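Participant: Contents are compact mmCIF, C-alpha atoms; file name upload31.txt:
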```txt
# COMPACT_ATOMS: atom_id res chain seq x y z
CA MET N 1 42.37 113.79 191.10
CA ALA N 2 43.17 110.92 188.75
CA SER N 3 42.35 111.17 185.06
CA VAL N 4 43.23 109.72 181.67
CA ILE N 5 43.93 111.35 178.33
CA TRP N 6 40.73 110.88 176.35
CA ASP N 7 41.22 112.76 173.08
CA PHE N 8 44.76 112.73 171.64
CA PHE N 9 45.86 114.61 168.51
CA GLY N 10 42.21 114.87 167.51
CA TYR N 11 41.34 111.16 167.90
CA ARG N 12 40.08 109.00 170.73
CA ALA N 13 43.06 107.89 172.80
CA ILE N 14 42.01 104.27 172.28
CA ASP N 15 41.83 104.67 168.48
CA GLN N 16 44.25 102.19 166.91
CA SER N 17 43.62 103.17 163.28
CA GLU N 18 46.49 104.08 160.99
CA THR N 19 45.06 107.59 160.64
CA ALA N 20 45.23 108.18 164.38
CA LYS N 21 48.69 106.63 164.63
CA THR N 22 49.95 108.87 161.84
CA ALA N 23 48.60 111.97 163.56
CA ILE N 24 50.42 110.97 166.75
CA LYS N 25 53.64 110.18 164.92
CA GLU N 26 53.65 113.42 162.95
CA GLU N 27 52.25 115.44 165.90
CA VAL N 28 49.62 117.00 163.65
CA CYS N 29 46.50 118.78 164.82
CA PRO N 30 43.74 117.85 162.33
CA PHE N 31 41.84 121.05 163.15
CA LEU N 32 44.75 123.29 162.18
CA ASN N 33 46.27 120.98 159.56
CA ASP N 34 49.55 121.86 161.21
CA ILE N 35 51.75 120.86 164.15
CA CYS N 36 49.83 120.80 167.44
CA GLU N 37 50.33 124.01 169.41
CA LYS N 38 49.80 122.48 172.86
CA THR N 39 53.17 121.85 174.53
CA PHE N 40 54.75 120.89 177.84
CA ASN N 41 57.14 123.26 179.62
CA ASP N 42 60.07 121.76 177.72
CA LYS N 43 58.30 122.54 174.41
CA THR N 44 57.48 118.88 173.70
CA VAL N 45 54.30 118.75 171.63
CA ALA N 46 51.59 117.42 173.95
CA GLY N 47 48.66 116.69 171.63
CA VAL N 48 46.12 116.45 174.45
CA CYS N 49 42.66 117.65 173.42
CA ALA N 50 40.66 116.37 176.39
CA VAL N 51 41.13 114.58 179.69
CA LYS N 52 38.63 112.40 181.51
CA PRO N 53 38.52 112.34 185.31
CA VAL N 54 38.00 108.81 186.59
CA THR N 55 34.54 109.55 188.00
CA SER N 56 33.15 112.05 185.46
CA PRO N 57 32.83 112.62 181.69
CA PRO N 58 35.69 113.95 179.52
CA VAL N 59 36.36 117.69 179.36
CA ILE N 60 38.02 119.51 176.46
CA CYS N 61 41.18 121.26 177.67
CA CYS N 62 42.45 122.69 174.37
CA PRO N 63 40.50 125.58 172.76
CA ILE N 64 41.62 124.48 169.26
CA ARG N 65 39.55 121.30 169.69
CA LEU N 66 36.42 123.47 169.62
CA TYR N 67 37.34 124.68 166.13
CA ALA N 68 36.57 121.34 164.47
CA ASN N 69 34.72 121.17 161.14
CA GLY N 70 36.21 124.37 159.79
CA TYR N 71 35.49 126.58 162.81
CA LYS N 72 31.83 125.59 162.87
CA VAL N 73 31.38 127.23 166.27
CA LEU N 74 31.99 130.62 164.65
CA GLN N 75 29.49 129.83 161.91
CA ASP N 76 26.98 128.94 164.63
CA VAL N 77 27.42 132.42 166.11
CA VAL N 78 26.99 134.06 162.70
CA ASP N 79 23.85 132.04 161.98
CA ARG N 80 22.35 133.11 165.29
CA ALA N 81 23.46 136.74 165.38
CA PHE N 82 23.26 137.79 161.71
CA VAL N 83 21.92 135.86 158.72
CA PRO N 84 22.24 132.08 158.44
CA GLY N 85 24.82 130.99 155.90
CA LEU N 86 26.88 134.17 155.59
CA LYS N 87 30.39 133.23 154.54
CA LEU N 88 33.28 133.70 156.95
CA ILE N 89 36.23 135.52 155.37
CA PRO N 90 39.60 136.39 156.99
CA GLY N 91 39.27 140.00 158.12
CA ARG N 92 41.93 141.52 155.86
CA GLU N 93 40.40 139.85 152.79
CA ALA N 94 36.75 140.75 153.41
CA LEU N 95 36.55 143.94 151.35
CA SER N 96 38.16 142.26 148.34
CA TYR N 97 35.64 139.42 148.63
CA VAL N 98 32.70 141.83 148.78
CA HIS N 99 33.90 143.91 145.84
CA GLU N 100 34.45 140.83 143.68
CA ARG N 101 31.27 138.94 144.61
CA ARG N 102 28.92 141.83 145.38
CA GLU N 103 27.55 139.91 148.34
CA GLU N 104 27.77 140.49 152.05
CA CYS N 105 30.02 138.39 154.25
CA VAL N 106 31.47 138.20 157.75
CA ALA N 107 34.98 139.53 158.32
CA VAL N 108 36.70 137.36 160.92
CA PHE N 109 39.37 138.83 163.15
CA GLY N 110 41.24 136.40 165.39
CA GLN N 111 44.22 134.09 165.48
CA ARG N 112 45.03 132.72 162.00
CA TRP N 113 42.06 134.58 160.49
CA GLY N 114 43.28 138.12 160.06
CA GLY N 115 45.04 138.85 163.30
CA GLU N 116 43.92 140.72 166.37
CA LEU N 117 42.42 144.17 166.02
CA ARG N 118 44.69 146.99 167.16
CA LEU N 119 42.69 148.29 170.09
CA PRO N 120 43.98 150.98 172.46
CA GLN N 121 45.32 149.58 175.72
CA LYS N 122 43.86 150.30 179.14
CA ASP N 123 46.45 151.07 181.83
CA GLY N 124 49.09 149.44 179.66
CA ARG N 125 47.17 146.16 179.46
CA ARG N 126 44.99 144.51 176.83
CA SER N 127 42.29 143.80 179.38
CA TYR N 128 39.32 144.07 177.03
CA PHE N 129 40.62 142.14 174.03
CA VAL N 130 38.41 139.25 172.94
CA ASP N 131 39.29 136.06 171.08
CA TRP N 132 37.19 136.82 167.99
CA ILE N 133 35.42 139.68 166.31
CA LEU N 134 32.84 138.72 163.68
CA ALA N 135 31.93 141.75 161.59
CA ARG N 136 29.05 141.76 159.14
CA ILE N 137 30.04 143.59 155.92
CA SER N 138 27.39 144.72 153.44
CA GLU N 139 27.59 144.11 149.70
CA ARG N 140 28.75 147.74 149.43
CA GLY N 141 31.66 147.12 151.78
CA GLU N 142 30.15 148.88 154.80
CA LEU N 143 30.41 147.67 158.39
CA VAL N 144 26.83 146.84 159.40
CA GLU N 145 27.33 145.36 162.85
CA PHE N 146 29.61 143.04 164.78
CA VAL N 147 29.68 140.62 167.70
CA ALA N 148 32.52 139.51 169.96
CA VAL N 149 33.30 135.91 170.86
CA GLU N 150 35.24 134.45 173.78
CA VAL N 151 36.31 130.78 173.68
CA GLN N 152 37.29 128.99 176.87
CA THR N 153 38.02 125.38 177.76
CA ILE N 154 39.62 124.38 181.08
CA ASP N 155 43.14 124.48 182.47
CA THR N 156 44.64 121.37 184.03
CA THR N 157 46.53 120.87 187.27
CA GLY N 158 49.06 118.14 188.04
CA THR N 159 50.48 116.42 184.99
CA TYR N 160 49.48 114.00 182.25
CA ARG N 161 53.06 113.52 181.06
CA ASN N 162 53.13 109.80 181.92
CA GLY N 163 49.86 109.32 180.01
CA TYR N 164 51.34 111.16 177.06
CA GLU N 165 54.46 108.95 177.10
CA ALA N 166 52.38 105.78 177.24
CA LEU N 167 50.22 106.83 174.29
CA LYS N 168 53.11 108.19 172.28
CA ASN N 169 55.37 105.19 172.77
CA ASN N 170 53.05 102.18 172.83
CA GLY N 171 49.47 103.34 172.34
CA THR N 172 48.27 102.48 175.84
CA VAL N 173 46.10 104.59 178.15
CA GLU N 174 47.44 105.16 181.66
CA LYS N 175 46.06 107.04 184.65
CA THR N 176 47.64 110.42 185.30
CA THR N 177 47.61 112.94 188.14
CA ALA N 178 46.08 115.63 185.94
CA GLY N 179 43.08 117.43 187.39
CA LEU N 180 40.82 120.24 186.21
CA ASN N 181 41.27 123.78 187.48
CA TRP N 182 37.63 124.61 188.17
CA GLU N 183 38.61 127.49 190.46
CA ASN N 184 39.47 129.54 187.39
CA VAL N 185 35.81 129.49 186.39
CA SER N 186 34.99 131.85 189.25
CA LYS N 187 38.28 133.68 189.58
CA ARG N 188 39.00 134.48 185.95
CA ILE N 189 36.29 133.61 183.45
CA LEU N 190 33.25 135.26 184.99
CA PRO N 191 34.84 138.62 185.93
CA GLN N 192 36.29 138.89 182.41
CA LEU N 193 32.95 138.16 180.77
CA ILE N 194 31.21 140.77 182.91
CA TYR N 195 33.81 143.44 182.20
CA LYS N 196 34.07 142.79 178.47
CA GLY N 197 30.31 142.58 178.12
CA GLN N 198 29.96 146.04 179.66
CA VAL N 199 32.66 147.44 177.37
CA LEU N 200 30.93 146.04 174.30
CA GLN N 201 27.57 147.45 175.31
CA ARG N 202 29.00 150.93 174.66
CA GLU N 203 29.76 150.05 171.02
CA ASN N 204 27.17 151.47 168.62
CA LEU N 205 27.46 148.58 166.16
CA CYS N 206 27.78 145.72 168.65
CA LYS N 207 24.07 145.04 168.55
CA LYS N 208 24.07 141.41 169.78
CA GLY N 209 26.68 141.59 172.54
CA LEU N 210 29.19 138.94 173.58
CA PHE N 211 29.11 135.20 172.84
CA PHE N 212 30.84 132.74 175.16
CA ILE N 213 31.75 129.33 173.69
CA CYS N 214 32.85 126.53 176.01
CA PRO N 215 32.55 122.78 176.66
CA GLU N 216 29.31 121.65 178.33
CA PRO N 217 30.99 120.74 181.68
CA VAL N 218 32.54 124.21 181.86
CA LEU N 219 29.18 125.86 181.27
CA LYS N 220 27.67 123.74 184.04
CA ARG N 221 30.32 124.97 186.48
CA VAL N 222 29.75 128.55 185.36
CA THR N 223 25.99 128.37 185.85
CA ASP N 224 26.36 126.48 189.15
CA ARG N 225 28.56 129.32 190.41
CA LEU N 226 25.82 131.76 189.39
CA GLY N 227 23.09 129.84 191.20
CA GLY N 228 21.87 127.74 188.31
CA GLN N 229 20.67 128.64 184.84
CA GLU N 230 17.32 129.65 186.32
CA ALA N 231 19.08 132.67 187.88
CA LEU N 232 19.90 133.92 184.37
CA SER N 233 16.65 135.07 182.82
CA ARG N 234 16.45 134.65 179.05
CA TYR N 235 16.51 137.81 176.96
CA PRO N 236 16.46 138.42 173.19
CA LEU N 237 19.76 139.42 171.61
CA GLN N 238 20.67 143.04 172.38
CA PRO N 239 23.80 145.16 172.99
CA ALA N 240 23.98 143.97 176.62
CA SER N 241 23.59 140.30 175.67
CA LEU N 242 25.81 137.55 176.99
CA THR N 243 25.08 134.36 175.08
CA PHE N 244 26.40 131.00 176.29
CA LEU N 245 26.97 128.31 173.64
CA ALA N 246 28.09 124.93 174.98
CA TYR N 247 29.49 121.97 173.04
CA ASN N 248 30.22 118.36 173.85
CA TYR N 249 31.38 115.15 172.21
CA SER N 250 28.95 112.95 170.33
CA GLU N 251 29.88 109.31 169.95
CA VAL N 252 26.82 108.46 167.87
CA GLY N 253 27.92 106.61 164.74
CA HIS N 254 31.59 107.13 165.51
CA VAL N 255 34.12 104.83 163.84
CA GLU N 256 37.86 104.46 164.30
CA GLY N 257 39.99 106.70 162.14
CA GLU N 258 37.66 109.66 162.51
CA GLY N 259 37.70 112.43 165.10
CA LEU N 260 34.70 112.61 167.38
CA VAL N 261 32.02 115.05 166.28
CA LEU N 262 31.19 118.02 168.52
CA GLU N 263 27.57 119.03 168.90
CA GLN N 264 26.02 122.13 170.39
CA THR N 265 24.32 120.98 173.58
CA SER N 266 22.88 124.23 174.90
CA SER N 267 22.32 127.87 174.00
CA HIS N 268 21.25 130.55 176.45
CA SER N 269 21.09 134.32 175.98
CA THR N 270 20.84 136.56 179.02
CA THR N 271 22.36 139.97 179.82
CA VAL N 272 25.71 140.88 181.30
CA TYR N 273 23.89 142.59 184.16
CA LYS N 274 21.98 139.44 185.09
CA VAL N 275 25.31 137.59 185.16
CA GLN N 276 26.87 140.32 187.32
CA GLU N 277 23.93 140.26 189.70
CA ALA N 278 24.11 136.49 190.07
CA PHE N 279 27.90 136.55 190.45
CA ASN N 280 27.67 139.07 193.31
CA ASN N 281 24.84 137.21 195.03
CA VAL N 282 27.06 134.85 197.02
CA THR N 283 25.68 132.25 199.40
CA LEU N 284 27.28 132.62 202.83
CA PRO N 285 27.98 129.68 205.18
CA ASP N 286 26.51 129.43 208.68
CA GLU N 287 27.78 131.93 211.24
CA ASN N 288 30.78 131.13 213.43
CA VAL N 289 32.25 128.52 211.07
CA TYR N 290 35.77 129.84 211.71
CA GLN N 291 35.25 129.75 215.48
CA GLU N 292 34.04 126.16 215.37
CA ALA N 293 36.91 125.10 213.12
CA ILE N 294 39.48 126.65 215.48
CA ILE N 295 37.97 124.97 218.51
CA LYS N 296 37.91 121.63 216.72
CA ALA N 297 41.51 122.04 215.61
CA LEU N 298 42.62 122.87 219.15
CA GLY N 299 41.07 119.67 220.34
CA ASN N 300 39.52 121.30 223.39
CA PRO N 301 35.70 121.16 223.33
CA ASP N 302 35.50 123.36 226.45
CA LEU N 303 36.98 126.44 224.72
```
Translate the structure described by the file into structure tokens.

Facilitator:
Amino acid sequence: MASVIWDFFGYRAIDQSETAKTAIKEEVCPFLNDICEKTFNDKTVAGVCAVKPVTSPPVICCPIRLYANGYKVLQDVVDRAFVPGLKLIPGREALSYVHERREECVAVFGQRWGGELRLPQKDGRRSYFVDWILARISERGELVEFVAVEVQTIDTTGTYRNGYEALKNNGTVEKTTAGLNWENVSKRILPQLIYKGQVLQRENLCKKGLFFICPEPVLKRVTDRLGGQEALSRYPLQPASLTFLAYNYSEVGHVEGEGLVLEQTSSHSTTVYKVQEAFNNVTLPDENVYQEAIIKALGNPDL
């Protein structure tokens, strides 16, 4: 599958502004205010936020790209699950904040926000760790409730190295052989969500369940695999909740020198058991498809 790099170091690949050129030259991620963490196998900084297949819209392939506007996606979860406007505080600093301000807040545990929580391992693996824990802390410093958040974009196949070289060296966009690994949606993402959602349901203070944040095209693949969004009945937030929040690029009012704005395009709360039911409800092909394929391959219609 042919594709082009669409979003590069936080700016449209075709952006010729000095701001975009500086980001490329200095290899800076504007969402981290630090060197881009996405690299090739040889540790060269890649800077690729999104790729666009030739025949379909762009898809974000770097999770950090979803953290634009000061991790607004996490604030969106807080506003939906707890109280709108609660301030996000790095987890290890939350109690100090509460004691000084005498106001409740949300303690954030995740990469660059307070580190991962030290959970016990299962069979020597960290199979039920999540990307983020958002914990509501009362003005008295008590843990009131929490939600878990998983963030997923899409892995790529092939390579966009030639497209990277073209953009890095002369600012031109070239076709690449990079494709999108949609198979992972079924093989990895959905089983993990089902398992982690069931684990979280057993937590007394996880009252709103698990939130799954992803690009809009990824959510479409997820729901297609489950038989369409209509197979996932809506439910109010509860311990068994699995809430899908999808985001996509908005080019409305965009000007060169600014990163494209992300907007929430859909929100859907169901239960982990509805997702499990839909995931297990596979659609089988017609009978004897293997037999017919073998006969066709043998080239003997009389067999």

Participant: Show me, as a ChimeraX atom specification, the residues that have an atom within 9 Å of N:Gln201 when counting only C-alpha atoms, minus same-chain residues fewer than 3 positions from it.

Facilitator: /N:196-198,204,206-210,238-241

Participant: Take the residues that were just selected and, keeping C-alpha atoms, output them as an mmCIF file, in the frame of the given file.

Facilitator:
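Output contents, as saved in result_20.cif:
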```
data_model
loop_
_atom_site.group_PDB
_atom_site.id
_atom_site.type_symbol
_atom_site.label_atom_id
_atom_site.label_comp_id
_atom_site.auth_asym_id
_atom_site.auth_seq_id
_atom_site.Cartn_x
_atom_site.Cartn_y
_atom_site.Cartn_z
ATOM 1 C CA LYS N 196 34.070 142.790 178.470
ATOM 2 C CA GLY N 197 30.310 142.580 178.120
ATOM 3 C CA GLN N 198 29.960 146.040 179.660
ATOM 4 C CA ASN N 204 27.170 151.470 168.620
ATOM 5 C CA CYS N 206 27.780 145.720 168.650
ATOM 6 C CA LYS N 207 24.070 145.040 168.550
ATOM 7 C CA LYS N 208 24.070 141.410 169.780
ATOM 8 C CA GLY N 209 26.680 141.590 172.540
ATOM 9 C CA LEU N 210 29.190 138.940 173.580
ATOM 10 C CA GLN N 238 20.670 143.040 172.380
ATOM 11 C CA PRO N 239 23.800 145.160 172.990
ATOM 12 C CA ALA N 240 23.980 143.970 176.620
ATOM 13 C CA SER N 241 23.590 140.300 175.670
#
```

Participant: Need to verify the contact set: N:Gln276, 12 Å, all atoms listed in the file, exclusion of same-chain residues closer than 2 positions in sequence. Can you return it as a PyMOL selection string?

Facilitator: chain N and resi 186+190-198+225-227+231-232+240+242+270-274+278-282

Participant: List the neighbours of N:Gln111 out to 9 Å using only C-alpha atoms; skip same-chain residues closer than 5 positions along the sequence, and give me the result as a VMD selection string.

Facilitator: chain N and resid 116 131 to 132

Participant: What does the structure give for the distance between atom CA of N:Leu180 and atom CA of N:Glu216, in Å to one decimal?

Facilitator: 14.0 Å

Participant: Name all residues at most 10 Å from stretch 96-103 of chain N (count all atoms listed in the file; drop same-chain ones fewer than 6 positions away) and give them as a PyMOL selection string.

Facilitator: chain N and resi 86-87+89-90+137-142

Participant: Which is closest to N:Gly257 among N:Trp182, N:Phe9, N:Phe212, N:Phe40, if we use all atoms listed in the file?

Facilitator: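 Comparing N:Trp182, N:Phe9, N:Phe212, N:Phe40 against N:Gly257, the winner is N:Phe9.
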
Participant: Could you list, with a cut-off of 12 Å and counting all atoms listed in the file, the residues of stretch 134-249 of chain N near stretch 55-69 of chain N, each shown with its nearest atom pair and the distance in Å rounded to one decimal, rows sorted by chain and ascending number, as a tab-separated table?

Facilitator:
```
residue	atom	partner	partner_atom	distance
N:Glu150	CA	N:Pro63	CA	10.4
N:Val151	CA	N:Pro63	CA	6.7
N:Gln152	CA	N:Pro63	CA	6.2
N:Thr153	CA	N:Cys61	CA	5.2
N:Ile154	CA	N:Cys61	CA	4.9
N:Asp155	CA	N:Cys61	CA	6.1
N:Thr156	CA	N:Cys61	CA	7.2
N:Thr157	CA	N:Cys61	CA	11.0
N:Tyr160	CA	N:Cys61	CA	11.9
N:Ala178	CA	N:Cys61	CA	11.1
N:Gly179	CA	N:Val59	CA	10.5
N:Leu180	CA	N:Val59	CA	8.6
N:Asn181	CA	N:Cys61	CA	10.1
N:Trp182	CA	N:Val59	CA	11.3
N:Ile213	CA	N:Leu66	CA	8.5
N:Cys214	CA	N:Leu66	CA	7.9
N:Pro215	CA	N:Ile60	CA	6.4
N:Glu216	CA	N:Val59	CA	8.2
N:Pro217	CA	N:Val59	CA	6.6
N:Val218	CA	N:Val59	CA	8.0
N:Leu219	CA	N:Val59	CA	11.0
N:Lys220	CA	N:Val59	CA	11.6
N:Arg221	CA	N:Val59	CA	11.8
N:Leu245	CA	N:Leu66	CA	11.4
N:Ala246	CA	N:Leu66	CA	10.0
N:Tyr247	CA	N:Leu66	CA	7.9
N:Asn248	CA	N:Val59	CA	8.3
N:Tyr249	CA	N:Pro58	CA	8.6
```

Participant: Pull C-alpha atoms from the residues just selected and write them as a JSON list (two decimals), in the coordinates of the input.

Facilitator:
```json
[["chain", "number", "residue", "atom", "x", "y", "z"],
["N", 150, "GLU", "CA", 35.24, 134.45, 173.78],
["N", 151, "VAL", "CA", 36.31, 130.78, 173.68],
["N", 152, "GLN", "CA", 37.29, 128.99, 176.87],
["N", 153, "THR", "CA", 38.02, 125.38, 177.76],
["N", 154, "ILE", "CA", 39.62, 124.38, 181.08],
["N", 155, "ASP", "CA", 43.14, 124.48, 182.47],
["N", 156, "THR", "CA", 44.64, 121.37, 184.03],
["N", 157, "THR", "CA", 46.53, 120.87, 187.27],
["N", 160, "TYR", "CA", 49.48, 114.00, 182.25],
["N", 178, "ALA", "CA", 46.08, 115.63, 185.94],
["N", 179, "GLY", "CA", 43.08, 117.43, 187.39],
["N", 180, "LEU", "CA", 40.82, 120.24, 186.21],
["N", 181, "ASN", "CA", 41.27, 123.78, 187.48],
["N", 182, "TRP", "CA", 37.63, 124.61, 188.17],
["N", 213, "ILE", "CA", 31.75, 129.33, 173.69],
["N", 214, "CYS", "CA", 32.85, 126.53, 176.01],
["N", 215, "PRO", "CA", 32.55, 122.78, 176.66],
["N", 216, "GLU", "CA", 29.31, 121.65, 178.33],
["N", 217, "PRO", "CA", 30.99, 120.74, 181.68],
["N", 218, "VAL", "CA", 32.54, 124.21, 181.86],
["N", 219, "LEU", "CA", 29.18, 125.86, 181.27],
["N", 220, "LYS", "CA", 27.67, 123.74, 184.04],
["N", 221, "ARG", "CA", 30.32, 124.97, 186.48],
["N", 245, "LEU", "CA", 26.97, 128.31, 173.64],
["N", 246, "ALA", "CA", 28.09, 124.93, 174.98],
["N", 247, "TYR", "CA", 29.49, 121.97, 173.04],
["N", 248, "ASN", "CA", 30.22, 118.36, 173.85],
["N", 249, "TYR", "CA", 31.38, 115.15, 172.21]]
```

Participant: Just to confirm, what's the straight-line distance from atom CA of N:Ile5 to atom CA of N:Pro53 in Å (one decimal)?

Facilitator: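 Separation of atom CA of N:Ile5 and atom CA of N:Pro53: 8.9 Å.
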
Participant: Tell me, in Å to one decimal, how far atom CA of N:Thr243 is from atom CA of N:Phe211.

Facilitator: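 Going from atom CA of N:Thr243 over to atom CA of N:Phe211 covers 4.7 Å.
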
Participant: Which residue out of N:Asn288, N:Ser17, N:Thr223, N:Ser3 has the minimum interatomic distance to N:Val255 when only C-alpha atoms are used?

Facilitator: N:Ser17

Participant: Using all atoms listed in the file, which of the listed residues (N:Lys168, N:Lys72, N:Lys187, N:Arg80) sits closest to N:Lys21?

Facilitator: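 So, comparing all the options, the nearest one is N:Lys168.
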
Participant: Restricting the calculation to all atoms listed in the file: of N:Arg92, N:Arg136, N:Arg234, N:Arg118, which residue gets closest to N:Cys105?

Facilitator: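 Ranked by minimum distance to N:Cys105, first place goes to N:Arg136.
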
Participant: Considering all atoms listed in the file, can you say which of N:Gln16, N:Asp224, N:Gly114, N:Leu260 comes closest to N:Cys49?

Facilitator: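 Ranking N:Gln16, N:Asp224, N:Gly114, N:Leu260 by distance to N:Cys49, first place goes to N:Leu260.
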
Participant: Nearest residue to N:Glu165 out of N:Thr44, N:Ala81, N:Cys29, N:Gly110, using all atoms listed in the file?

Facilitator: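 With all atoms listed in the file as the atom set, the closest residue is N:Thr44.
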